[in-house]
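Asks: Data: entry_39.pdb, PDB, C-alpha atoms.
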ATOM      1  CA  MET A   1       0.000   0.000   0.000  1.00  0.00           C
ATOM      2  CA  PRO A   2       1.415   3.434  -0.898  1.00  0.00           C
ATOM      3  CA  GLY A   3       1.981   6.038   1.755  1.00  0.00           C
ATOM      4  CA  PHE A   4      -0.166   9.113   2.029  1.00  0.00           C
ATOM      5  CA  HIS A   5       0.423  12.844   2.071  1.00  0.00           C
ATOM      6  CA  LEU A   6      -1.819  15.612   3.347  1.00  0.00           C
ATOM      7  CA  ALA A   7      -3.295  17.955   0.773  1.00  0.00           C
ATOM      8  CA  GLN A   8      -4.588  21.294   1.997  1.00  0.00           C
ATOM      9  CA  CYS A   9      -6.498  23.987   0.197  1.00  0.00           C
ATOM     10  CA  ASN A  10      -7.762  27.266   1.484  1.00  0.00           C
ATOM     11  CA  VAL A  11      -9.596  30.066  -0.222  1.00  0.00           C
ATOM     12  CA  GLY A  12     -10.067  33.646   0.823  1.00  0.00           C
ATOM     13  CA  ARG A  13     -11.964  36.608  -0.474  1.00  0.00           C
ATOM     14  CA  VAL A  14      -9.601  39.582  -0.517  1.00  0.00           C
ATOM     15  CA  LEU A  15     -10.961  42.994   0.398  1.00  0.00           C
ATOM     16  CA  GLN A  16      -9.356  44.614  -2.644  1.00  0.00           C
ATOM     17  CA  PRO A  17      -7.894  43.388  -5.954  1.00  0.00           C
ATOM     18  CA  MET A  18      -4.317  42.155  -5.545  1.00  0.00           C
ATOM     19  CA  GLU A  19      -2.922  45.204  -7.382  1.00  0.00           C
ATOM     20  CA  HIS A  20      -4.659  47.660  -5.005  1.00  0.00           C
ATOM     21  CA  PRO A  21      -2.264  49.636  -2.748  1.00  0.00           C
ATOM     22  CA  GLU A  22      -4.006  48.305   0.384  1.00  0.00           C
ATOM     23  CA  MET A  23      -2.893  44.801  -0.651  1.00  0.00           C
ATOM     24  CA  ALA A  24       0.776  45.780  -1.182  1.00  0.00           C
ATOM     25  CA  GLU A  25       2.103  44.397   2.109  1.00  0.00           C
ATOM     26  CA  PHE A  26       0.244  41.112   1.648  1.00  0.00           C
ATOM     27  CA  VAL A  27       1.451  40.768  -1.951  1.00  0.00           C
ATOM     28  CA  ALA A  28       5.039  41.599  -0.946  1.00  0.00           C
ATOM     29  CA  ALA A  29       4.949  38.817   1.662  1.00  0.00           C
ATOM     30  CA  LEU A  30       3.792  36.103  -0.754  1.00  0.00           C
ATOM     31  CA  GLY A  31       7.271  35.238  -2.061  1.00  0.00           C
ATOM     32  CA  PRO A  32       8.976  35.111   1.344  1.00  0.00           C
ATOM     33  CA  ILE A  33       6.139  33.130   2.916  1.00  0.00           C
ATOM     34  CA  ASN A  34       6.095  30.664   0.014  1.00  0.00           C
ATOM     35  CA  ALA A  35       9.881  30.271   0.361  1.00  0.00           C
ATOM     36  CA  LEU A  36       9.413  29.676   4.092  1.00  0.00           C
ATOM     37  CA  ALA A  37       6.833  26.970   3.358  1.00  0.00           C
ATOM     38  CA  GLU A  38       9.144  25.321   0.841  1.00  0.00           C
ATOM     39  CA  SER A  39      11.987  25.231   3.390  1.00  0.00           C
ATOM     40  CA  THR A  40       9.801  23.782   6.152  1.00  0.00           C
ATOM     41  CA  PRO A  41      10.479  20.100   6.893  1.00  0.00           C
ATOM     42  CA  GLY A  42       7.582  18.032   5.573  1.00  0.00           C
ATOM     43  CA  PHE A  43       6.735  20.364   2.681  1.00  0.00           C
ATOM     44  CA  VAL A  44       6.081  18.450  -0.561  1.00  0.00           C
ATOM     45  CA  TRP A  45       4.541  20.774  -3.176  1.00  0.00           C
ATOM     46  CA  ARG A  46       2.582  23.995  -3.690  1.00  0.00           C
ATOM     47  CA  LEU A  47       0.422  25.344  -6.477  1.00  0.00           C
ATOM     48  CA  GLU A  48       2.068  28.097  -8.511  1.00  0.00           C
ATOM     49  CA  ASP A  49       0.881  30.290 -11.358  1.00  0.00           C
ATOM     50  CA  ASP A  50       2.325  29.855 -14.854  1.00  0.00           C
ATOM     51  CA  ASP A  51       5.306  32.053 -13.945  1.00  0.00           C
ATOM     52  CA  GLY A  52       6.146  30.160 -10.738  1.00  0.00           C
ATOM     53  CA  ALA A  53       4.616  32.826  -8.511  1.00  0.00           C
ATOM     54  CA  SER A  54       2.001  32.519  -5.804  1.00  0.00           C
ATOM     55  CA  SER A  55      -1.135  30.473  -6.291  1.00  0.00           C
ATOM     56  CA  SER A  56      -3.019  33.647  -5.358  1.00  0.00           C
ATOM     57  CA  TYR A  57      -2.911  34.445  -9.078  1.00  0.00           C
ATOM     58  CA  VAL A  58      -4.217  31.072 -10.285  1.00  0.00           C
ATOM     59  CA  GLU A  59      -7.701  31.060 -11.755  1.00  0.00           C
ATOM     60  CA  ILE A  60     -10.065  28.844  -9.763  1.00  0.00           C
ATOM     61  CA  PRO A  61     -12.100  26.551 -12.030  1.00  0.00           C
ATOM     62  CA  GLY A  62     -15.832  27.014 -11.519  1.00  0.00           C
ATOM     63  CA  ASN A  63     -15.407  30.336  -9.704  1.00  0.00           C
ATOM     64  CA  ASP A  64     -16.450  33.688 -11.132  1.00  0.00           C
ATOM     65  CA  ASP A  65     -15.520  35.864  -8.137  1.00  0.00           C
ATOM     66  CA  PRO A  66     -12.349  37.813  -9.073  1.00  0.00           C
ATOM     67  CA  LEU A  67     -11.624  38.534  -5.386  1.00  0.00           C
ATOM     68  CA  LEU A  68     -11.534  34.861  -4.353  1.00  0.00           C
ATOM     69  CA  ILE A  69      -7.969  33.548  -4.198  1.00  0.00           C
ATOM     70  CA  ILE A  70      -6.653  30.059  -3.538  1.00  0.00           C
ATOM     71  CA  ASN A  71      -3.743  28.432  -1.750  1.00  0.00           C
ATOM     72  CA  PHE A  72      -3.105  24.731  -2.323  1.00  0.00           C
ATOM     73  CA  SER A  73      -0.191  22.679  -0.999  1.00  0.00           C
ATOM     74  CA  ILE A  74       0.841  19.148  -0.085  1.00  0.00           C
ATOM     75  CA  TRP A  75       2.626  18.093   3.092  1.00  0.00           C
ATOM     76  CA  GLU A  76       4.061  14.851   4.430  1.00  0.00           C
ATOM     77  CA  ASP A  77       1.775  15.004   7.463  1.00  0.00           C
ATOM     78  CA  VAL A  78      -0.498  17.177   9.591  1.00  0.00           C
ATOM     79  CA  GLU A  79       2.269  18.068  12.041  1.00  0.00           C
ATOM     80  CA  SER A  80       4.473  19.573   9.298  1.00  0.00           C
ATOM     81  CA  LEU A  81       1.643  21.747   8.015  1.00  0.00           C
ATOM     82  CA  LYS A  82       0.674  22.862  11.531  1.00  0.00           C
ATOM     83  CA  HIS A  83       4.284  23.758  12.282  1.00  0.00           C
ATOM     84  CA  PHE A  84       4.428  25.989   9.211  1.00  0.00           C
ATOM     85  CA  MET A  85       1.018  27.537   9.853  1.00  0.00           C
ATOM     86  CA  TYR A  86       1.323  28.256  13.578  1.00  0.00           C
ATOM     87  CA  LYS A  87       5.002  28.112  14.608  1.00  0.00           C
ATOM     88  CA  SER A  88       6.785  29.945  11.799  1.00  0.00           C
ATOM     89  CA  GLY A  89       6.821  33.463  10.388  1.00  0.00           C
ATOM     90  CA  HIS A  90       3.556  32.596   8.644  1.00  0.00           C
ATOM     91  CA  MET A  91       1.685  33.046  11.938  1.00  0.00           C
ATOM     92  CA  ALA A  92       2.325  36.806  12.039  1.00  0.00           C
ATOM     93  CA  TYR A  93       0.457  37.162   8.742  1.00  0.00           C
ATOM     94  CA  LEU A  94      -2.242  34.697   9.758  1.00  0.00           C
ATOM     95  CA  ARG A  95      -3.005  36.881  12.781  1.00  0.00           C
ATOM     96  CA  ARG A  96      -3.417  39.885  10.475  1.00  0.00           C
ATOM     97  CA  ARG A  97      -5.613  38.208   7.839  1.00  0.00           C
ATOM     98  CA  GLY A  98      -8.514  40.538   8.699  1.00  0.00           C
ATOM     99  CA  GLU A  99      -6.529  43.402   7.150  1.00  0.00           C
ATOM    100  CA  TRP A 100      -6.667  41.737   3.736  1.00  0.00           C
ATOM    101  CA  PHE A 101      -9.483  39.177   3.785  1.00  0.00           C
ATOM    102  CA  GLU A 102     -13.221  39.287   4.235  1.00  0.00           C
ATOM    103  CA  LYS A 103     -14.465  37.206   7.173  1.00  0.00           C
ATOM    104  CA  LEU A 104     -16.573  34.458   5.655  1.00  0.00           C
ATOM    105  CA  ASP A 105     -19.293  32.572   7.505  1.00  0.00           C
ATOM    106  CA  ARG A 106     -18.291  29.174   6.155  1.00  0.00           C
ATOM    107  CA  PRO A 107     -15.157  27.007   6.251  1.00  0.00           C
ATOM    108  CA  THR A 108     -12.437  28.236   3.917  1.00  0.00           C
ATOM    109  CA  SER A 109      -9.703  25.696   4.612  1.00  0.00           C
ATOM    110  CA  VAL A 110      -9.813  21.958   3.983  1.00  0.00           C
ATOM    111  CA  ALA A 111      -7.434  19.016   4.226  1.00  0.00           C
ATOM    112  CA  TRP A 112      -7.588  15.470   2.881  1.00  0.00           C
ATOM    113  CA  TRP A 113      -5.279  12.497   2.373  1.00  0.00           C
ATOM    114  CA  ILE A 114      -3.885  11.649  -1.048  1.00  0.00           C
ATOM    115  CA  PRO A 115      -1.584   8.870  -2.234  1.00  0.00           C
ATOM    116  CA  ALA A 116       2.037  10.004  -1.881  1.00  0.00           C
ATOM    117  CA  GLY A 117       3.361  11.216  -5.222  1.00  0.00           C
ATOM    118  CA  SER A 118       0.003  12.352  -6.580  1.00  0.00           C
ATOM    119  CA  ILE A 119      -1.089  15.964  -7.082  1.00  0.00           C
ATOM    120  CA  PRO A 120      -4.806  16.658  -7.434  1.00  0.00           C
ATOM    121  CA  ASP A 121      -6.068  19.170  -9.965  1.00  0.00           C
ATOM    122  CA  VAL A 122      -6.782  22.665  -8.607  1.00  0.00           C
ATOM    123  CA  GLY A 123     -10.450  22.156  -9.498  1.00  0.00           C
ATOM    124  CA  VAL A 124     -10.543  19.065  -7.276  1.00  0.00           C
ATOM    125  CA  ALA A 125      -8.921  21.049  -4.469  1.00  0.00           C
ATOM    126  CA  PHE A 126     -11.520  23.828  -4.757  1.00  0.00           C
ATOM    127  CA  GLN A 127     -14.303  21.237  -4.741  1.00  0.00           C
ATOM    128  CA  LYS A 128     -12.912  19.845  -1.463  1.00  0.00           C
ATOM    129  CA  VAL A 129     -13.507  23.288   0.106  1.00  0.00           C
ATOM    130  CA  VAL A 130     -17.082  23.229  -1.222  1.00  0.00           C
ATOM    131  CA  GLU A 131     -17.519  19.652   0.042  1.00  0.00           C
ATOM    132  CA  LEU A 132     -16.487  20.692   3.557  1.00  0.00           C
ATOM    133  CA  GLN A 133     -18.804  23.707   3.401  1.00  0.00           C
ATOM    134  CA  ASP A 134     -21.736  21.555   2.256  1.00  0.00           C
ATOM    135  CA  ASN A 135     -21.217  18.429   4.381  1.00  0.00           C
ATOM    136  CA  GLY A 136     -19.038  19.387   7.336  1.00  0.00           C
ATOM    137  CA  PRO A 137     -15.940  17.349   8.222  1.00  0.00           C
ATOM    138  CA  THR A 138     -15.744  13.863   6.732  1.00  0.00           C
ATOM    139  CA  GLU A 139     -12.992  11.379   5.978  1.00  0.00           C
ATOM    140  CA  SER A 140     -12.568  12.950   2.537  1.00  0.00           C
ATOM    141  CA  ALA A 141     -12.671  16.641   3.573  1.00  0.00           C
ATOM    142  CA  PHE A 142     -11.724  17.740   7.090  1.00  0.00           C
ATOM    143  CA  THR A 143     -10.035  20.587   8.949  1.00  0.00           C
ATOM    144  CA  VAL A 144      -6.414  20.771  10.061  1.00  0.00           C
ATOM    145  CA  SER A 145      -7.554  21.535  13.597  1.00  0.00           C
ATOM    146  CA  ARG A 146      -9.530  18.263  13.703  1.00  0.00           C
ATOM    147  CA  PRO A 147      -7.730  16.002  11.236  1.00  0.00           C
ATOM    148  CA  TRP A 148      -8.934  12.606  10.107  1.00  0.00           C
ATOM    149  CA  PRO A 149      -6.313   9.850  10.454  1.00  0.00           C
ATOM    150  CA  ALA A 150      -4.375   8.849   7.353  1.00  0.00           C
ATOM    151  CA  PRO A 151      -5.711   5.737   5.623  1.00  0.00           C
ATOM    152  CA  GLY A 152      -4.296   2.426   6.790  1.00  0.00           C
TER     153      GLY A 152
END
Output the file's structure in the form of structure tokens.

Replies:
Amino acid sequence: MPGFHLAQCNVGRVLQPMEHPEMAEFVAALGPINALAESTPGFVWRLEDDDGASSSYVEIPGNDDPLLIINFSIWEDVESLKHFMYKSGHMAYLRRRGEWFEKLDRPTSVAWWIPAGSIPDVGVAFQKVVELQDNGPTESAFTVSRPWPAPG
């Protein structure tokens, strides 16, 4: 049986278009924060745009809201992702997300297990967010704060 990795996807609705001056600090932090993720033990992969930049510029299939942005990455395990999210320089920006993102009344971040070595399509990742919003946590779409155990 192959091993498994943790896929995570989160979406956010920015308060302004990415090129707006109020978004400048957030946009400037994307490269350094992505580099921090990539250097974190347990990091496997992250979605990038066609130029290798942040996934914040990737079009989300099935979405027509130009202010909705996506982040999608793969990690060896839940602990590695949690370390990056809450115990690295990423946390300072996470605390300030209200400066750049609308507070949504539904889950915006999902995790699920995938066979190691596979990379789901961005459309599949976005649908996992919708699945969590529609059905709540399940084995196939759960939250990082209350993870489902890896298969096997």

Asks: The PyMOL selection byres ((chain A and resi 63-78) around 7) - which residues does that actually catch in the file I just gave you? List them as a PyMOL selection string.

Replies: chain A and resi 5-14+17+42-47+55-56+60-62+79-82+144

Asks: Could you expand the PyMOL selection byres ((chain A and resi 141) around 9) into the explicit residues it covers here, written as a PDB file with C-alpha atoms, in the frame of the given file?

Replies:
ATOM      1  CA  VAL A 110      -9.813  21.958   3.983  1.00  0.00           C
ATOM      2  CA  ALA A 111      -7.434  19.016   4.226  1.00  0.00           C
ATOM      3  CA  TRP A 112      -7.588  15.470   2.881  1.00  0.00           C
ATOM      4  CA  TRP A 113      -5.279  12.497   2.373  1.00  0.00           C
ATOM      5  CA  LYS A 128     -12.912  19.845  -1.463  1.00  0.00           C
ATOM      6  CA  VAL A 129     -13.507  23.288   0.106  1.00  0.00           C
ATOM      7  CA  GLU A 131     -17.519  19.652   0.042  1.00  0.00           C
ATOM      8  CA  LEU A 132     -16.487  20.692   3.557  1.00  0.00           C
ATOM      9  CA  ASN A 135     -21.217  18.429   4.381  1.00  0.00           C
ATOM     10  CA  GLY A 136     -19.038  19.387   7.336  1.00  0.00           C
ATOM     11  CA  PRO A 137     -15.940  17.349   8.222  1.00  0.00           C
ATOM     12  CA  THR A 138     -15.744  13.863   6.732  1.00  0.00           C
ATOM     13  CA  GLU A 139     -12.992  11.379   5.978  1.00  0.00           C
ATOM     14  CA  SER A 140     -12.568  12.950   2.537  1.00  0.00           C
ATOM     15  CA  PHE A 142     -11.724  17.740   7.090  1.00  0.00           C
ATOM     16  CA  THR A 143     -10.035  20.587   8.949  1.00  0.00           C
ATOM     17  CA  TRP A 148      -8.934  12.606  10.107  1.00  0.00           C
TER      18      TRP A 148
END

Asks: Calculated over all atoms listed in the file, which of the candidates A:Ser145, A:Ala37, A:Ser118, A:Ala28 has the smallest distance to A:Phe84?

Replies: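 With all atoms listed in the file as the atom set, the closest residue is A:Ala37.
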
Asks: Of the residues A:Trp100, A:Ala125, A:Ile114, A:Arg106, which is the one nearest to A:Glu22, using all atoms listed in the file?

Replies: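 Looking only at the distances to A:Glu22, the closest residue turns out to be A:Trp100.
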
Asks: Go through A:Val58, A:Val130, A:Ala53, A:Ala29 one by one, measure the shortest atom-to-atom distance of each to A:Leu94 using all atoms listed in the file, and give the residue with the smallest value.

Replies: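 Of A:Val58, A:Val130, A:Ala53, A:Ala29, the one nearest A:Leu94 is A:Ala29, counting all atoms listed in the file.
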
Asks: Please report the interatomic distance between atom CA of A:Met18 and atom CA of A:Asp134 in Å with one decimal.

Replies: 28.1 Å

Asks: Closest to A:Leu36 among A:Ala150, A:Met23, A:Met85, A:Leu104, using all atoms listed in the file?

Replies: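 Ranking A:Ala150, A:Met23, A:Met85, A:Leu104 by distance to A:Leu36, first place goes to A:Met85.
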
Asks: Please return stretch 105-127 of chain A, rebuilt to N, CA, C and O atoms, as a short mmCIF file (atom, residue, chain, number, x, y, z; two decimals), in the coordinates of the input.

Replies:
data_model
loop_
_atom_site.label_atom_id
_atom_site.label_comp_id
_atom_site.auth_asym_id
_atom_site.auth_seq_id
_atom_site.Cartn_x
_atom_site.Cartn_y
_atom_site.Cartn_z
N ASP A 105 -18.52 33.32 6.52
CA ASP A 105 -19.29 32.57 7.50
C ASP A 105 -19.35 31.08 7.20
O ASP A 105 -20.28 30.39 7.60
N ARG A 106 -18.36 30.60 6.49
CA ARG A 106 -18.29 29.17 6.16
C ARG A 106 -16.82 28.76 6.15
O ARG A 106 -15.93 29.60 6.05
N PRO A 107 -16.56 27.45 6.26
CA PRO A 107 -15.16 27.01 6.25
C PRO A 107 -14.46 27.41 4.95
O PRO A 107 -15.05 27.36 3.88
N THR A 108 -13.22 27.82 5.09
CA THR A 108 -12.44 28.24 3.92
C THR A 108 -11.17 27.41 3.74
O THR A 108 -10.43 27.62 2.79
N SER A 109 -10.92 26.49 4.67
CA SER A 109 -9.70 25.70 4.61
C SER A 109 -10.06 24.22 4.81
O SER A 109 -10.79 23.88 5.73
N VAL A 110 -9.52 23.39 3.95
CA VAL A 110 -9.81 21.96 3.98
C VAL A 110 -8.53 21.16 3.85
O VAL A 110 -7.54 21.63 3.28
N ALA A 111 -8.55 19.95 4.39
CA ALA A 111 -7.43 19.02 4.23
C ALA A 111 -8.00 17.64 3.88
O ALA A 111 -9.15 17.33 4.21
N TRP A 112 -7.20 16.84 3.20
CA TRP A 112 -7.59 15.47 2.88
C TRP A 112 -6.34 14.69 2.52
O TRP A 112 -5.31 15.26 2.18
N TRP A 113 -6.42 13.37 2.65
CA TRP A 113 -5.28 12.50 2.37
C TRP A 113 -5.27 12.09 0.90
O TRP A 113 -6.32 11.81 0.33
N ILE A 114 -4.07 12.08 0.34
CA ILE A 114 -3.88 11.65 -1.05
C ILE A 114 -2.74 10.64 -1.10
O ILE A 114 -1.86 10.66 -0.24
N PRO A 115 -2.73 9.76 -2.09
CA PRO A 115 -1.58 8.87 -2.23
C PRO A 115 -0.30 9.68 -2.44
O PRO A 115 -0.28 10.64 -3.22
N ALA A 116 0.75 9.31 -1.72
CA ALA A 116 2.04 10.00 -1.88
C ALA A 116 2.45 9.98 -3.35
O ALA A 116 2.31 8.97 -4.02
N GLY A 117 2.92 11.11 -3.84
CA GLY A 117 3.36 11.22 -5.22
C GLY A 117 2.30 11.74 -6.17
O GLY A 117 2.60 12.08 -7.30
N SER A 118 1.06 11.82 -5.71
CA SER A 118 0.00 12.35 -6.58
C SER A 118 -0.24 13.83 -6.26
O SER A 118 0.05 14.29 -5.17
N ILE A 119 -0.74 14.55 -7.26
CA ILE A 119 -1.09 15.96 -7.08
C ILE A 119 -2.46 16.18 -7.71
O ILE A 119 -2.60 16.09 -8.93
N PRO A 120 -3.47 16.42 -6.88
CA PRO A 120 -4.81 16.66 -7.43
C PRO A 120 -4.87 17.94 -8.25
O PRO A 120 -4.10 18.88 -8.03
N ASP A 121 -5.78 17.99 -9.17
CA ASP A 121 -6.07 19.17 -9.96
C ASP A 121 -6.60 20.28 -9.06
O ASP A 121 -7.27 20.01 -8.06
N VAL A 122 -6.32 21.53 -9.40
CA VAL A 122 -6.78 22.66 -8.61
C VAL A 122 -8.31 22.69 -8.51
O VAL A 122 -8.87 23.09 -7.50
N GLY A 123 -9.00 22.24 -9.55
CA GLY A 123 -10.45 22.16 -9.50
C GLY A 123 -10.93 21.17 -8.45
O GLY A 123 -11.90 21.42 -7.73
N VAL A 124 -10.23 20.05 -8.31
CA VAL A 124 -10.54 19.07 -7.28
C VAL A 124 -10.32 19.68 -5.90
O VAL A 124 -11.14 19.52 -4.98
N ALA A 125 -9.22 20.41 -5.75
CA ALA A 125 -8.92 21.05 -4.47
C ALA A 125 -10.02 22.04 -4.09
O ALA A 125 -10.48 22.06 -2.93
N PHE A 126 -10.45 22.86 -5.04
CA PHE A 126 -11.52 23.83 -4.76
C PHE A 126 -12.80 23.10 -4.39
O PHE A 126 -13.52 23.50 -3.47
N GLN A 127 -13.10 22.00 -5.06
CA GLN A 127 -14.30 21.24 -4.74
C GLN A 127 -14.24 20.63 -3.34
O GLN A 127 -15.28 20.44 -2.70
#
